[in-house]
file protein_8.txt (compact mmCIF, C-alpha atoms)
# COMPACT_ATOMS: atom_id res chain seq x y z
CA MET K 1 40.75 -0.16 13.69
CA SER K 2 39.82 -0.45 10.03
CA SER K 3 38.52 2.61 8.21
CA GLU K 4 35.33 0.69 7.58
CA ALA K 5 34.62 0.09 11.21
CA ALA K 6 31.72 1.94 12.77
CA PRO K 7 32.79 4.75 15.11
CA GLY K 8 32.90 3.80 18.74
CA VAL K 9 32.50 0.07 18.13
CA VAL K 10 34.72 -2.26 20.11
CA GLN K 11 36.31 -4.71 17.69
CA THR K 12 37.21 -7.47 20.13
CA HIS K 13 35.09 -9.60 22.39
CA THR K 14 36.00 -11.50 25.48
CA ARG K 15 36.90 -15.08 24.63
CA ARG K 16 35.91 -17.86 26.98
CA ARG K 17 35.56 -21.59 26.84
CA LEU K 18 32.18 -22.89 25.77
CA THR K 19 30.43 -24.63 28.62
CA THR K 20 28.19 -27.69 28.50
CA VAL K 21 25.15 -25.40 28.46
CA ASP K 22 26.60 -23.50 25.49
CA TRP K 23 27.14 -26.71 23.55
CA VAL K 24 23.61 -27.84 24.30
CA GLY K 25 22.25 -24.54 22.97
CA LEU K 26 24.36 -24.77 19.82
CA GLY K 27 23.31 -28.40 19.37
CA VAL K 28 19.64 -27.48 19.53
CA LEU K 29 20.22 -24.75 16.91
CA VAL K 30 21.98 -27.21 14.60
CA VAL K 31 19.14 -29.72 14.96
CA PHE K 32 16.55 -27.07 14.13
CA LEU K 33 18.55 -25.96 11.12
CA VAL K 34 19.32 -29.40 9.67
CA VAL K 35 15.99 -31.10 10.39
CA GLY K 36 13.87 -28.01 9.80
CA LEU K 37 15.54 -26.96 6.57
CA SER K 38 15.58 -30.53 5.24
CA TRP K 39 11.82 -30.73 5.83
CA SER K 40 10.86 -27.25 4.64
CA LYS K 41 13.47 -26.45 1.99
CA TRP K 42 16.15 -28.88 0.92
CA MET K 43 14.06 -31.96 0.08
CA PRO K 44 11.13 -30.09 -1.55
CA TYR K 45 13.57 -28.06 -3.65
CA TRP K 46 15.44 -31.18 -4.69
CA ASP K 47 12.17 -32.70 -5.90
CA LYS K 48 11.23 -29.46 -7.68
CA ALA K 49 14.60 -29.23 -9.43
CA TRP K 50 14.39 -32.84 -10.55
CA THR K 51 10.93 -32.27 -12.02
CA LEU K 52 12.04 -29.09 -13.80
CA SER K 53 15.07 -30.86 -15.23
CA GLN K 54 12.68 -33.26 -16.92
CA THR K 55 10.02 -30.80 -18.08
CA SER K 56 11.53 -27.27 -18.08
CA ILE K 57 7.97 -26.11 -17.33
CA TRP K 58 7.02 -24.31 -14.11
CA ASP K 59 3.91 -25.93 -12.68
CA GLY K 60 1.62 -23.38 -11.05
CA SER K 61 0.15 -19.95 -11.64
CA PRO K 62 1.42 -16.61 -10.31
CA LEU K 63 0.53 -16.02 -6.67
CA PHE K 64 -1.26 -12.74 -7.39
CA ALA K 65 -3.86 -14.54 -9.48
CA ALA K 66 -5.31 -15.70 -6.15
CA ALA K 67 -6.29 -12.11 -5.30
CA GLY K 68 -8.44 -11.78 -8.41
CA GLU K 69 -8.63 -8.91 -10.87
CA THR K 70 -10.58 -6.49 -8.67
CA VAL K 71 -10.09 -5.33 -5.09
CA SER K 72 -12.14 -7.43 -2.65
CA LEU K 73 -11.92 -8.81 0.86
CA ALA K 74 -12.54 -12.32 -0.46
CA GLY K 75 -9.66 -11.97 -2.91
CA ALA K 76 -7.37 -10.64 -0.19
CA TRP K 77 -8.24 -13.55 2.11
CA ASN K 78 -7.73 -16.08 -0.69
CA PHE K 79 -4.34 -14.49 -1.45
CA THR K 80 -3.40 -14.73 2.24
CA LEU K 81 -4.37 -18.41 2.44
CA VAL K 82 -2.45 -19.30 -0.73
CA TYR K 83 0.61 -17.40 0.49
CA PHE K 84 0.68 -18.97 3.95
CA THR K 85 0.09 -22.43 2.49
CA ALA K 86 3.29 -21.89 0.52
CA VAL K 87 5.43 -20.49 3.35
CA TRP K 88 4.14 -21.88 6.66
CA LYS K 89 6.79 -24.57 6.94
CA ALA K 90 9.66 -22.16 6.35
CA LEU K 91 8.09 -19.56 8.65
CA LEU K 92 7.79 -22.13 11.44
CA VAL K 93 11.44 -23.13 11.05
CA ALA K 94 12.44 -19.45 10.98
CA LEU K 95 10.67 -18.79 14.27
CA LEU K 96 12.26 -21.85 15.91
CA VAL K 97 15.71 -20.81 14.70
CA ALA K 98 15.26 -17.16 15.68
CA ALA K 99 14.23 -18.15 19.20
CA ALA K 100 17.20 -20.53 19.48
CA ILE K 101 19.61 -17.77 18.46
CA ASP K 102 18.03 -15.40 20.95
CA ALA K 103 17.73 -17.74 23.94
CA LEU K 104 20.13 -20.65 23.53
CA VAL K 105 23.19 -19.63 21.51
CA PRO K 106 26.01 -18.01 23.55
CA ARG K 107 26.06 -14.37 22.53
CA ASP K 108 29.83 -13.90 22.69
CA TRP K 109 30.33 -16.88 20.34
CA LEU K 110 27.74 -15.52 17.89
CA LEU K 111 29.39 -12.11 17.84
CA ARG K 112 32.83 -13.61 17.22
CA VAL K 113 31.43 -15.47 14.21
CA MET K 114 29.54 -12.58 12.60
CA ASN K 115 30.97 -9.28 13.87
CA ARG K 116 34.11 -9.07 11.74
CA ARG K 117 36.51 -6.12 11.55
CA THR K 118 35.07 -4.48 8.45
CA HIS K 119 31.57 -4.00 7.10
CA THR K 120 32.54 -5.88 3.95
CA SER K 121 33.68 -8.88 5.99
CA GLN K 122 30.47 -8.75 8.02
CA SER K 123 28.31 -8.72 4.90
CA LEU K 124 30.30 -11.58 3.38
CA VAL K 125 29.70 -13.70 6.49
CA GLY K 126 25.99 -12.85 6.56
CA ALA K 127 25.57 -13.61 2.86
CA ALA K 128 27.47 -16.90 3.16
CA LEU K 129 25.32 -18.02 6.11
CA SER K 130 22.17 -17.21 4.12
CA LEU K 131 22.97 -19.69 1.35
CA PRO K 132 21.89 -22.93 3.06
CA SER K 133 18.71 -21.51 4.67
CA MET K 134 17.18 -20.40 1.33
CA MET K 135 14.20 -18.59 2.89
CA CYS K 136 11.93 -15.99 1.37
CA THR K 137 12.35 -12.44 2.65
CA CYS K 138 9.51 -12.70 5.21
CA CYS K 139 10.72 -16.01 6.62
CA ALA K 140 14.27 -14.68 6.87
CA ALA K 141 13.03 -11.60 8.73
CA PRO K 142 12.57 -13.25 12.19
CA VAL K 143 16.09 -14.69 12.02
CA ALA K 144 17.57 -11.35 10.94
CA ALA K 145 15.70 -9.62 13.77
CA GLY K 146 16.99 -12.22 16.22
CA LEU K 147 20.56 -11.75 15.02
CA ARG K 148 20.33 -7.99 15.39
CA SER K 149 18.77 -8.14 18.85
CA SER K 150 21.65 -10.41 19.92
CA GLY K 151 24.18 -7.74 18.96
CA VAL K 152 25.07 -8.80 15.41
CA ARG K 153 25.95 -5.69 13.44
CA ARG K 154 23.78 -4.27 10.70
CA SER K 155 25.92 -5.24 7.72
CA ALA K 156 25.89 -8.91 8.69
CA ALA K 157 22.18 -8.97 9.58
CA LEU K 158 21.25 -7.11 6.38
CA ALA K 159 23.30 -9.48 4.24
CA TYR K 160 21.67 -12.50 5.84
CA TRP K 161 18.20 -11.00 5.37
CA VAL K 162 18.47 -10.14 1.65
CA GLY K 163 20.92 -12.93 0.85
CA ASN K 164 18.29 -15.57 1.63
CA PRO K 165 15.93 -14.64 -1.22
CA LEU K 166 18.45 -13.17 -3.68
CA LEU K 167 21.24 -15.76 -3.46
CA ASN K 168 19.02 -18.81 -2.94
CA PRO K 169 20.92 -21.61 -4.78
CA ALA K 170 17.72 -23.54 -5.46
CA VAL K 171 16.04 -20.58 -7.16
CA VAL K 172 19.15 -19.98 -9.28
CA ILE K 173 18.91 -23.59 -10.44
CA PHE K 174 15.19 -23.14 -11.15
CA LEU K 175 16.00 -20.07 -13.24
CA VAL K 176 18.57 -22.01 -15.25
CA LEU K 177 16.04 -24.77 -15.94
CA VAL K 178 13.06 -22.56 -16.83
CA LEU K 179 14.28 -19.23 -18.23
CA PRO K 180 17.08 -18.06 -20.56
CA TRP K 181 20.57 -18.14 -19.04
CA GLN K 182 20.73 -14.36 -18.81
CA TYR K 183 18.19 -14.38 -15.97
CA ALA K 184 20.25 -16.67 -13.72
CA LEU K 185 23.46 -14.76 -14.41
CA THR K 186 21.80 -11.40 -13.71
CA ARG K 187 20.25 -12.74 -10.51
CA VAL K 188 23.60 -13.95 -9.18
CA VAL K 189 25.58 -10.82 -10.06
CA ILE K 190 23.02 -8.25 -8.90
CA GLY K 191 22.19 -10.42 -5.88
CA ILE K 192 25.82 -10.37 -4.74
CA LEU K 193 26.07 -6.62 -5.31
CA ILE K 194 23.03 -6.03 -3.09
CA ALA K 195 23.63 -8.67 -0.41
CA VAL K 196 27.33 -7.94 0.00
CA GLY K 197 27.94 -4.49 -1.48
CA ALA K 198 24.80 -2.62 -0.46
CA SER K 199 24.74 -4.24 2.99
CA ALA K 200 28.32 -3.15 3.65
CA LEU K 201 27.70 0.41 2.42
CA ILE K 202 24.48 0.79 4.38
CA GLY K 203 26.10 -0.57 7.54
CA ARG K 204 28.92 1.92 7.16
CA TRP K 205 27.10 5.05 6.03
CA VAL K 206 23.55 4.99 7.37
CA THR K 207 23.28 6.59 10.78
CA GLY K 208 20.56 5.88 13.29
CA ARG K 209 20.37 2.90 15.61
CA THR K 210 23.62 2.53 17.50
CA GLU K 211 26.14 -0.08 16.43
CA ALA K 212 27.62 -0.37 19.89
CA VAL K 213 27.78 -3.97 21.07
CA PRO K 214 27.92 -4.74 24.79
CA ASN K 215 31.38 -5.99 25.63
CA ASP K 216 30.42 -7.82 28.78
CA THR K 217 30.14 -11.59 28.83
CA PRO K 218 26.67 -12.62 29.98
CA GLU K 219 26.38 -15.11 32.78
CA THR K 220 25.95 -18.66 31.51
CA PRO K 221 22.41 -19.88 32.29
CA ARG K 222 21.71 -23.14 34.04
CA LEU K 223 20.83 -26.11 31.85
CA SER K 224 17.46 -26.48 33.58
CA SER K 225 16.52 -22.91 32.64
CA LEU K 226 16.98 -23.37 28.88
CA PRO K 227 13.44 -24.67 28.12
CA VAL K 228 11.86 -21.70 29.90
CA ARG K 229 14.21 -19.23 28.20
CA TYR K 230 13.46 -20.77 24.83
CA ALA K 231 9.68 -20.86 25.35
CA ARG K 232 9.70 -17.22 26.41
CA SER K 233 11.70 -16.18 23.34
CA LEU K 234 9.62 -18.28 20.93
CA SER K 235 6.40 -16.83 22.37
CA ARG K 236 7.69 -13.29 21.95
CA PHE K 237 8.70 -13.78 18.32
CA THR K 238 5.47 -15.60 17.48
CA LEU K 239 3.05 -13.24 19.19
CA ILE K 240 4.66 -10.14 17.69
CA LEU K 241 5.72 -11.19 14.21
CA VAL K 242 3.06 -13.67 13.07
CA PRO K 243 -0.03 -11.43 13.56
CA GLU K 244 1.92 -8.51 12.08
CA HIS K 245 2.85 -10.66 9.10
CA LEU K 246 -0.70 -11.97 8.63
CA ILE K 247 -2.25 -8.49 8.64
CA LEU K 248 0.29 -7.04 6.22
CA VAL K 249 0.02 -9.95 3.78
CA PHE K 250 -3.77 -9.54 3.82
CA LEU K 251 -3.37 -5.84 3.00
CA ILE K 252 -1.00 -6.65 0.15
CA GLY K 253 -3.57 -9.12 -1.18
CA LEU K 254 -6.24 -6.43 -0.91
CA ILE K 255 -4.36 -3.86 -2.99
CA SER K 256 -2.45 -6.22 -5.30
CA PRO K 257 -5.02 -5.91 -8.15
CA TRP K 258 -4.04 -2.22 -8.29
CA LEU K 259 -0.32 -2.94 -8.20
CA THR K 260 0.14 -5.89 -10.54
CA GLY K 261 -1.35 -4.59 -13.76
CA VAL K 262 1.97 -4.42 -15.58
CA TYR K 263 0.85 -6.13 -18.77
CA GLY K 264 0.40 -2.87 -20.67
CA ILE K 265 2.72 -0.69 -18.65
CA GLU K 266 5.51 -0.60 -21.22
CA ALA K 267 3.23 0.80 -23.92
CA GLN K 268 2.11 3.55 -21.54
CA LEU K 269 5.38 4.51 -19.85
CA GLY K 270 8.17 3.28 -22.09
CA ALA K 271 11.53 2.99 -20.32
CA ALA K 272 10.02 4.34 -17.07
CA ALA K 273 8.12 1.04 -16.79
CA VAL K 274 11.33 -0.57 -15.51
CA LEU K 275 11.48 1.88 -12.60
CA VAL K 276 7.79 1.37 -11.78
CA ALA K 277 8.22 -2.42 -11.84
CA ALA K 278 11.27 -2.18 -9.54
CA VAL K 279 9.47 0.01 -6.99
CA VAL K 280 6.22 -2.01 -7.02
CA GLY K 281 8.13 -5.29 -6.88
CA THR K 282 10.01 -4.11 -3.79
CA LEU K 283 6.69 -3.65 -1.98
CA LEU K 284 4.94 -6.90 -2.91
CA VAL K 285 5.25 -10.21 -1.09
CA ILE K 286 5.82 -13.62 -2.70
CA PRO K 287 7.01 -17.06 -1.49
CA THR K 288 10.35 -18.54 -2.50
CA GLY K 289 10.56 -18.83 -6.27
CA GLY K 290 7.27 -16.97 -6.70
CA GLU K 291 8.87 -14.55 -9.12
CA ILE K 292 9.43 -17.31 -11.69
CA PRO K 293 5.79 -18.00 -12.69
CA ILE K 294 5.18 -14.24 -12.76
CA ILE K 295 8.10 -13.69 -15.14
CA VAL K 296 7.04 -16.66 -17.28
CA ALA K 297 3.46 -15.36 -17.52
CA LEU K 298 4.55 -11.80 -18.34
CA SER K 299 7.03 -12.95 -20.97
CA ALA K 300 4.33 -15.06 -22.58
CA VAL K 301 2.16 -11.99 -23.21
CA GLY K 302 5.02 -9.90 -24.57
CA VAL K 303 6.29 -7.97 -21.55
CA GLY K 304 9.89 -7.03 -22.21
CA ALA K 305 13.08 -8.14 -20.50
CA GLY K 306 13.47 -4.74 -18.83
CA VAL K 307 10.31 -5.11 -16.74
CA THR K 308 10.78 -8.82 -16.03
CA GLY K 309 14.43 -8.17 -15.12
CA ALA K 310 13.39 -5.57 -12.57
CA LEU K 311 10.90 -8.02 -11.06
CA LEU K 312 13.57 -10.75 -11.01
CA ILE K 313 15.37 -8.80 -8.28
CA ALA K 314 12.74 -6.60 -6.64
CA LEU K 315 9.98 -9.17 -6.14
CA PRO K 316 11.89 -11.72 -4.03
CA ALA K 317 14.34 -9.42 -2.27
CA LEU K 318 12.01 -7.43 -0.01
CA SER K 319 8.37 -6.70 0.72
CA ILE K 320 6.38 -4.39 2.93
CA PRO K 321 5.69 -7.19 5.46
CA SER K 322 9.34 -8.20 5.72
CA MET K 323 10.50 -4.58 6.06
CA VAL K 324 8.03 -3.96 8.87
CA MET K 325 9.09 -7.18 10.60
CA VAL K 326 12.75 -6.12 10.78
CA GLY K 327 12.30 -2.35 11.01
CA LYS K 328 12.49 -2.11 14.78
CA SER K 329 15.54 -4.38 15.03
CA LEU K 330 17.56 -3.02 12.12
CA GLY K 331 16.37 0.56 12.36
CA TRP K 332 13.95 2.26 9.99
CA ARG K 333 16.65 4.26 8.19
CA THR K 334 18.62 1.09 7.55
CA THR K 335 15.54 -0.77 6.37
CA THR K 336 14.50 2.08 4.06
CA ALA K 337 18.02 2.33 2.65
CA MET K 338 17.96 -1.36 1.79
CA GLY K 339 14.56 -0.88 0.13
CA VAL K 340 16.07 1.85 -2.04
CA ALA K 341 19.09 -0.34 -2.82
CA VAL K 342 16.82 -3.20 -3.93
CA ALA K 343 14.75 -0.89 -6.17
CA VAL K 344 17.95 0.47 -7.74
CA GLY K 345 19.23 -3.08 -8.17
CA GLY K 346 15.96 -3.98 -9.88
CA VAL K 347 16.40 -1.10 -12.35
CA VAL K 348 19.99 -2.14 -13.06
CA ALA K 349 18.88 -5.76 -13.58
CA GLY K 350 16.18 -4.59 -16.00
CA VAL K 351 18.66 -2.57 -18.01
CA VAL K 352 21.20 -5.42 -18.06
CA LEU K 353 18.64 -7.98 -19.20
CA ALA K 354 17.25 -5.63 -21.84
CA VAL K 355 20.79 -5.28 -23.25
CA LEU K 356 21.63 -8.99 -23.00
CA SER K 357 18.34 -10.03 -24.57
call {"tool": "encode", "arguments": {"input": "protein_8.txt", "output": "structure tokens"}}
result
Amino acid sequence: MSSEAAPGVVQTHTRRRLTTVDWVGLGVLVVFLVVGLSWSKWMPYWDKAWTLSQTSIWDGSPLFAAAGETVSLAGAWNFTLVYFTAVWKALLVALLVAAAIDALVPRDWLLRVMNRRTHTSQSLVGAALSLPSMMCTCCAAPVAAGLRSSGVRRSAALAYWVGNPLLNPAVVIFLVLVLPWQYALTRVVIGILIAVGASALIGRWVTGRTEAVPNDTPETPRLSSLPVRYARSLSRFTLILVPEHLILVFLIGLISPWLTGVYGIEAQLGAAAVLVAAVVGTLLVIPTGGEIPIIVALSAVGVGAGVTGALLIALPALSIPSMVMVGKSLGWRTTTAMGVAVAVGGVVAGVVLAVLS
């Protein structure tokens, strides 16, 4: 057993031939991924990248402008509507995929793919699988929760969760087209350090929820039972995660006027402004690419590269809603540790960009 392996974890899983039912389940997952991601992510991002390549101008205002400048229920509701208008397609696909992983995909096959010998290998697999899905942190949360509940180990599930927003290839391209090259480079380097490095370290060192994976091979379900299994799983994910998500996004919209006043923060706090931006950014929720108009707007009014660099990492990586959505599956200590890792990564990104700029 490798020195990185979690104590008491069995490293091998029973191998068996995939049955017709298994192949049907995997086929449904592939269809959801290809069709769903083409509709919600790949084609819209292709159009966005093409437009940016012609204009180099980000069209749209920062999401938090929807909440207004003062705390109000109307502003919070408007923020919630604008947010869900931006993410509903990806959230729908995420729920469909999470339910397919939970109900249709053979568990032993999934564990062979993702539960590698070392935590580093697990995080590499999770980060690699996150690249094509390109979801925001909240939309990636149901899939990460589904992976964990199926027995996928923490390092792999963590890497998939944070890899989606931080390593999103489309957002990296957007950054190249809209902002100075230092932003894209910093995003890639710090994103890899968090998605691969921090996920591996947290999976290895943070105690709490057991890493033991059942070594038995579950009985293959009948083909006729798959629709009922899938409907049951989809209902569970939807009824638990969607209302939870809606309420938390509304609360973020309610308090965001208090949290987003960073325009004059550097003059008041100096270098400590980078730390404040990293912590606040870790708590706030944005859709995919939502950090770009915020950084553009802040840069336009003179906010320094330290603060915008911290937001470059902290804003997309996590949020209170996404952390709550995965907390039960990943474990609260694990989730909190990743929140700390993201905030630290935001500070490092701010320092790096301040030096490079």
call {"tool": "residues_around", "arguments": {"input": "protein_8.txt", "residues": "K:Ala198", "least_positions_apart": "5", "cutoff": "10 Å", "atoms": "only C-alpha atoms", "output": "list in words"}}
result
Thr120, Ser123, Ser155, Leu158, Ala159, Gly191, Ile192, Leu193, Gly203, Arg204, Ala337, Met338, Val340, Ala341, Val342 and Gly345 of chain K
call {"tool": "write_last_selection", "arguments": {"input": "protein_8.txt", "atoms": "C-alpha atoms", "output": "mmCIF file, in the coordinates of the input"}}
result
data_model
loop_
_atom_site.group_PDB
_atom_site.id
_atom_site.type_symbol
_atom_site.label_atom_id
_atom_site.label_comp_id
_atom_site.auth_asym_id
_atom_site.auth_seq_id
_atom_site.Cartn_x
_atom_site.Cartn_y
_atom_site.Cartn_z
ATOM 1 C CA THR K 120 32.540 -5.880 3.950
ATOM 2 C CA SER K 123 28.310 -8.720 4.900
ATOM 3 C CA SER K 155 25.920 -5.240 7.720
ATOM 4 C CA LEU K 158 21.250 -7.110 6.380
ATOM 5 C CA ALA K 159 23.300 -9.480 4.240
ATOM 6 C CA GLY K 191 22.190 -10.420 -5.880
ATOM 7 C CA ILE K 192 25.820 -10.370 -4.740
ATOM 8 C CA LEU K 193 26.070 -6.620 -5.310
ATOM 9 C CA GLY K 203 26.100 -0.570 7.540
ATOM 10 C CA ARG K 204 28.920 1.920 7.160
ATOM 11 C CA ALA K 337 18.020 2.330 2.650
ATOM 12 C CA MET K 338 17.960 -1.360 1.790
ATOM 13 C CA VAL K 340 16.070 1.850 -2.040
ATOM 14 C CA ALA K 341 19.090 -0.340 -2.820
ATOM 15 C CA VAL K 342 16.820 -3.200 -3.930
ATOM 16 C CA GLY K 345 19.230 -3.080 -8.170
#
call {"tool": "atom_distance", "arguments": {"input": "protein_8.txt", "atom1": "atom CA of K:Val355", "atom2": "atom CA of K:Leu52"}}
result
27.1 Å
call {"tool": "atom_distance", "arguments": {"input": "protein_8.txt", "atom1": "atom CA of K:Gly126", "atom2": "atom CA of K:Arg17"}}
result
24.1 Å
call {"tool": "residues_around", "arguments": {"input": "protein_8.txt", "residues": "K:Ala349", "least_positions_apart": "3", "cutoff": "6 Å", "atoms": "only C-alpha atoms", "output": "ChimeraX atom specification"}}
result
/K:309-310,346,352
call {"tool": "residues_around", "arguments": {"input": "protein_8.txt", "residues": "K:Leu318", "least_positions_apart": "5", "cutoff": "10 Å", "atoms": "all atoms listed in the file", "output": "compact mmCIF listing (two decimals) with C-alpha atoms, keeping the file's coordinate frame"}}
result
# COMPACT_ATOMS: atom_id res chain seq x y z
CA CYS K 136 11.93 -15.99 1.37
CA THR K 137 12.35 -12.44 2.65
CA CYS K 138 9.51 -12.70 5.21
CA ALA K 141 13.03 -11.60 8.73
CA TRP K 161 18.20 -11.00 5.37
CA VAL K 162 18.47 -10.14 1.65
CA PRO K 165 15.93 -14.64 -1.22
CA LEU K 166 18.45 -13.17 -3.68
CA GLY K 281 8.13 -5.29 -6.88
CA THR K 282 10.01 -4.11 -3.79
CA LEU K 283 6.69 -3.65 -1.98
CA LEU K 284 4.94 -6.90 -2.91
CA VAL K 285 5.25 -10.21 -1.09
CA ILE K 286 5.82 -13.62 -2.70
CA ILE K 313 15.37 -8.80 -8.28
CA MET K 323 10.50 -4.58 6.06
CA THR K 335 15.54 -0.77 6.37
CA MET K 338 17.96 -1.36 1.79
CA GLY K 339 14.56 -0.88 0.13
CA VAL K 342 16.82 -3.20 -3.93
CA ALA K 343 14.75 -0.89 -6.17
call {"tool": "residues_around", "arguments": {"input": "protein_8.txt", "residues": "stretch 30-45 of chain K", "least_positions_apart": "4", "cutoff": "9 Å", "atoms": "only C-alpha atoms", "output": "PyMOL selection string"}}
result
chain K and resi 25-26+49-50+87-90+92-94+96-97+100+132-135+170-171
call {"tool": "closest_residue", "arguments": {"input": "protein_8.txt", "among": "K:Ala127, K:Val178, K:Val228, K:Ala145", "to": "K:Ile101", "atoms": "all atoms listed in the file"}}
result
K:Ala145
call {"tool": "atom_distance", "arguments": {"input": "protein_8.txt", "atom1": "atom CA of K:Glu244", "atom2": "atom CA of K:Ser319"}}
result
13.2 Å
call {"tool": "residues_around", "arguments": {"input": "protein_8.txt", "residues": "K:Ile294", "least_positions_apart": "2", "cutoff": "8 Å", "atoms": "only C-alpha atoms", "output": "compact mmCIF listing (two decimals) with C-alpha atoms, in the frame of the given file"}}
result
# COMPACT_ATOMS: atom_id res chain seq x y z
CA SER K 61 0.15 -19.95 -11.64
CA PRO K 62 1.42 -16.61 -10.31
CA LEU K 63 0.53 -16.02 -6.67
CA GLY K 290 7.27 -16.97 -6.70
CA GLU K 291 8.87 -14.55 -9.12
CA ILE K 292 9.43 -17.31 -11.69
CA VAL K 296 7.04 -16.66 -17.28
CA ALA K 297 3.46 -15.36 -17.52
CA LEU K 298 4.55 -11.80 -18.34
call {"tool": "closest_residue", "arguments": {"input": "protein_8.txt", "among": "K:Ser299, K:Ser56, K:Thr20, K:Thr334", "to": "K:Ile173", "atoms": "all atoms listed in the file"}}
result
K:Ser56
call {"tool": "closest_residue", "arguments": {"input": "protein_8.txt", "among": "K:Pro169, K:Ile295, K:Gly60, K:Gly350", "to": "K:Ala271", "atoms": "all atoms listed in the file"}}
result
K:Gly350
call {"tool": "closest_residue", "arguments": {"input": "protein_8.txt", "among": "K:Asn115, K:Tyr160, K:Leu91, K:Val326", "to": "K:Ser130", "atoms": "all atoms listed in the file"}}
result
K:Tyr160
call {"tool": "closest_residue", "arguments": {"input": "protein_8.txt", "among": "K:Val280, K:Ile194, K:Ala99, K:Leu246", "to": "K:Val348", "atoms": "all atoms listed in the file"}}
result
K:Ile194
call {"tool": "closest_residue", "arguments": {"input": "protein_8.txt", "among": "K:Arg187, K:Ala272, K:Leu111, K:Gln122", "to": "K:Phe174", "atoms": "all atoms listed in the file"}}
result
K:Arg187
